[in-house]
Amino acid sequence: MNLHKIIFTSAFSIVLIVGCKDKGSKATNEIQSSDNKKEIVVAVKPQTASFTIDGMICPDGCAKTIEKKLSEMKGVQNAKVDFEKKQATINFDLDKLKSEDLVNAVEETGDGKTYKVSNLKTVSKS
């Protein structure tokens, strides 16, 4: 029994050590290539946008749908929508997108009338 605990503890430690490596601070975006392999694209002009989204009524439907739509946009490195705070934070490449493109994508989600964006703030990451 002790041998099983030692093996499990060792394996778990290895997974933690390997899984917690620093991935670096460069903004990247994983995209699917034609052969279904993910390739990493480095943002030329990394930018962060944050804004308030009004009209969300649920975390799993509204917030996740908006987050998914933003994440799938070409040039977006990552997107996070916090339902409780009504806040979206998106890291993107200003060379490929403008912050207005992100706002339009959110406001066009669903029926095009439900979600309204306000308090847009952008910060350059370069």
# chains A, B, ... in the order shown; residues from 1 in each chain; ligands from 1
>>> residues_around(residues="A:Met73", least_positions_apart="3", cutoff="10 Å", atoms="only C-alpha atoms", output="compact mmCIF listing (two decimals) with C-alpha atoms, in the first residue's frame")
# COMPACT_ATOMS: atom_id res chain seq x y z
CA LYS A 68 -16.69 31.97 -26.98
CA LYS A 69 -17.55 34.39 -29.78
CA LEU A 70 -14.77 36.77 -28.74
CA VAL A 76 -7.85 37.48 -30.09
CA GLN A 77 -5.33 35.79 -27.79
CA ASN A 78 -7.83 35.22 -24.97
CA ALA A 79 -11.15 36.53 -23.76
CA PHE A 92 -5.90 40.92 -28.80
CA LYS A 96 -5.62 42.44 -36.74
CA LEU A 97 -8.54 43.97 -34.78
CA ASP A 101 -14.62 45.18 -33.61
CA LEU A 102 -14.83 43.53 -30.19
CA ALA A 105 -19.11 41.39 -31.91
>>> residues_around(residues="stretch 50-64 of chain A", least_positions_apart="5", cutoff="6 Å", atoms="only C-alpha atoms", output="ChimeraX atom specification")
/A:81,83,86-89,114-121
>>> atom_distance(atom1="atom CA of A:Pro46", atom2="atom CA of A:Asn91")
7.0 Å
>>> atom_distance(atom1="atom CA of A:Val123", atom2="atom CA of A:Thr48")
5.2 Å
>>> select_by_dssp(residues="stretch 36-122 of chain A", states="alpha helix (DSSP H)", output="VMD selection string")
chain A and resid 64 to 71 99 to 108
>>> write_last_selection(atoms="all heavy atoms", output="short mmCIF file (atom, residue, chain, number, x, y, z; two decimals), in the first residue's frame")
data_model
loop_
_atom_site.label_atom_id
_atom_site.label_comp_id
_atom_site.auth_asym_id
_atom_site.auth_seq_id
_atom_site.Cartn_x
_atom_site.Cartn_y
_atom_site.Cartn_z
N LYS A 64 -20.90 32.86 -21.35
CA LYS A 64 -20.08 31.87 -22.07
C LYS A 64 -20.22 32.01 -23.57
O LYS A 64 -19.25 31.82 -24.31
CB LYS A 64 -20.43 30.44 -21.63
CG LYS A 64 -20.01 30.14 -20.21
CD LYS A 64 -18.51 30.25 -20.04
CE LYS A 64 -18.12 30.02 -18.61
NZ LYS A 64 -16.75 30.42 -18.32
N THR A 65 -21.41 32.36 -24.06
CA THR A 65 -21.62 32.55 -25.50
C THR A 65 -20.80 33.74 -25.99
O THR A 65 -20.13 33.65 -27.03
CB THR A 65 -23.11 32.77 -25.81
OG1 THR A 65 -23.83 31.62 -25.39
CG2 THR A 65 -23.34 33.02 -27.28
N ILE A 66 -20.83 34.83 -25.25
CA ILE A 66 -20.06 36.02 -25.63
C ILE A 66 -18.56 35.72 -25.56
O ILE A 66 -17.80 36.05 -26.47
CB ILE A 66 -20.41 37.21 -24.73
CG1 ILE A 66 -21.85 37.64 -24.97
CG2 ILE A 66 -19.44 38.38 -24.95
CD1 ILE A 66 -22.40 38.63 -23.95
N GLU A 67 -18.14 35.06 -24.50
CA GLU A 67 -16.73 34.71 -24.33
C GLU A 67 -16.24 33.83 -25.49
O GLU A 67 -15.17 34.06 -26.04
CB GLU A 67 -16.54 33.98 -23.00
CG GLU A 67 -15.10 33.73 -22.63
CD GLU A 67 -14.99 33.13 -21.24
OE1 GLU A 67 -15.19 33.87 -20.25
OE2 GLU A 67 -14.70 31.92 -21.14
N LYS A 68 -17.05 32.87 -25.88
CA LYS A 68 -16.69 31.97 -26.98
C LYS A 68 -16.59 32.74 -28.29
O LYS A 68 -15.65 32.56 -29.06
CB LYS A 68 -17.71 30.85 -27.10
CG LYS A 68 -17.37 29.84 -28.17
CD LYS A 68 -18.35 28.68 -28.18
CE LYS A 68 -17.87 27.64 -29.17
NZ LYS A 68 -18.79 27.36 -30.20
N LYS A 69 -17.57 33.61 -28.55
CA LYS A 69 -17.55 34.39 -29.78
C LYS A 69 -16.30 35.26 -29.86
O LYS A 69 -15.64 35.33 -30.90
CB LYS A 69 -18.80 35.25 -29.90
CG LYS A 69 -18.87 36.01 -31.20
CD LYS A 69 -20.21 36.66 -31.42
CE LYS A 69 -20.25 37.32 -32.79
NZ LYS A 69 -21.57 37.80 -33.13
N LEU A 70 -15.96 35.93 -28.76
CA LEU A 70 -14.77 36.77 -28.74
C LEU A 70 -13.50 35.93 -28.92
O LEU A 70 -12.60 36.31 -29.68
CB LEU A 70 -14.70 37.55 -27.42
CG LEU A 70 -15.73 38.66 -27.24
CD1 LEU A 70 -15.74 39.15 -25.80
CD2 LEU A 70 -15.48 39.82 -28.20
N SER A 71 -13.43 34.80 -28.24
CA SER A 71 -12.24 33.94 -28.31
C SER A 71 -11.98 33.41 -29.71
O SER A 71 -10.84 33.16 -30.08
CB SER A 71 -12.39 32.75 -27.35
OG SER A 71 -12.43 33.20 -26.03
N SER A 99 -10.59 47.73 -31.15
CA SER A 99 -11.46 47.51 -30.00
C SER A 99 -12.93 47.63 -30.41
O SER A 99 -13.78 46.95 -29.86
CB SER A 99 -11.11 48.46 -28.87
OG SER A 99 -11.15 49.80 -29.30
N GLU A 100 -13.23 48.46 -31.40
CA GLU A 100 -14.60 48.60 -31.88
C GLU A 100 -15.12 47.29 -32.48
O GLU A 100 -16.32 47.00 -32.42
CB GLU A 100 -14.70 49.72 -32.92
CG GLU A 100 -14.47 51.10 -32.36
CD GLU A 100 -12.98 51.44 -32.18
OE1 GLU A 100 -12.11 50.79 -32.80
OE2 GLU A 100 -12.69 52.36 -31.39
N ASP A 101 -14.22 46.48 -33.07
CA ASP A 101 -14.62 45.18 -33.61
C ASP A 101 -15.11 44.27 -32.49
O ASP A 101 -16.06 43.51 -32.67
CB ASP A 101 -13.45 44.51 -34.35
CG ASP A 101 -12.99 45.30 -35.56
OD1 ASP A 101 -13.82 45.96 -36.21
OD2 ASP A 101 -11.77 45.25 -35.85
N LEU A 102 -14.44 44.34 -31.35
CA LEU A 102 -14.83 43.53 -30.19
C LEU A 102 -16.19 43.98 -29.67
O LEU A 102 -17.06 43.15 -29.38
CB LEU A 102 -13.78 43.64 -29.09
CG LEU A 102 -12.36 43.24 -29.47
CD1 LEU A 102 -11.38 43.63 -28.37
CD2 LEU A 102 -12.28 41.76 -29.77
N VAL A 103 -16.39 45.30 -29.58
CA VAL A 103 -17.66 45.85 -29.11
C VAL A 103 -18.78 45.41 -30.05
O VAL A 103 -19.84 44.95 -29.61
CB VAL A 103 -17.60 47.39 -29.02
CG1 VAL A 103 -18.98 47.99 -28.79
CG2 VAL A 103 -16.64 47.80 -27.92
N ASN A 104 -18.56 45.54 -31.36
CA ASN A 104 -19.57 45.14 -32.34
C ASN A 104 -19.90 43.66 -32.23
O ASN A 104 -21.07 43.27 -32.33
CB ASN A 104 -19.13 45.48 -33.76
CG ASN A 104 -19.09 46.97 -34.01
OD1 ASN A 104 -19.77 47.74 -33.34
ND2 ASN A 104 -18.28 47.39 -34.96
N ALA A 105 -18.88 42.83 -32.03
CA ALA A 105 -19.11 41.39 -31.91
C ALA A 105 -20.01 41.08 -30.72
O ALA A 105 -20.93 40.25 -30.82
CB ALA A 105 -17.78 40.64 -31.79
N VAL A 106 -19.79 41.74 -29.60
CA VAL A 106 -20.61 41.51 -28.41
C VAL A 106 -22.03 41.98 -28.65
O VAL A 106 -22.99 41.26 -28.39
CB VAL A 106 -20.01 42.22 -27.16
CG1 VAL A 106 -20.98 42.17 -26.00
CG2 VAL A 106 -18.68 41.59 -26.78
N GLU A 107 -22.17 43.19 -29.17
CA GLU A 107 -23.51 43.75 -29.35
C GLU A 107 -24.31 43.04 -30.43
O GLU A 107 -25.54 43.08 -30.41
CB GLU A 107 -23.41 45.26 -29.63
CG GLU A 107 -22.95 46.02 -28.39
CD GLU A 107 -22.91 47.52 -28.54
OE1 GLU A 107 -22.93 48.02 -29.70
OE2 GLU A 107 -22.86 48.21 -27.51
N GLU A 108 -23.63 42.35 -31.36
CA GLU A 108 -24.33 41.59 -32.40
C GLU A 108 -24.64 40.16 -31.98
O GLU A 108 -25.34 39.44 -32.69
CB GLU A 108 -23.50 41.58 -33.69
CG GLU A 108 -23.39 42.96 -34.33
CD GLU A 108 -22.39 43.00 -35.46
OE1 GLU A 108 -21.75 41.96 -35.77
OE2 GLU A 108 -22.22 44.09 -36.04
#
>>> atom_distance(atom1="atom CA of A:Ser124", atom2="atom CA of A:Gln47")
4.5 Å
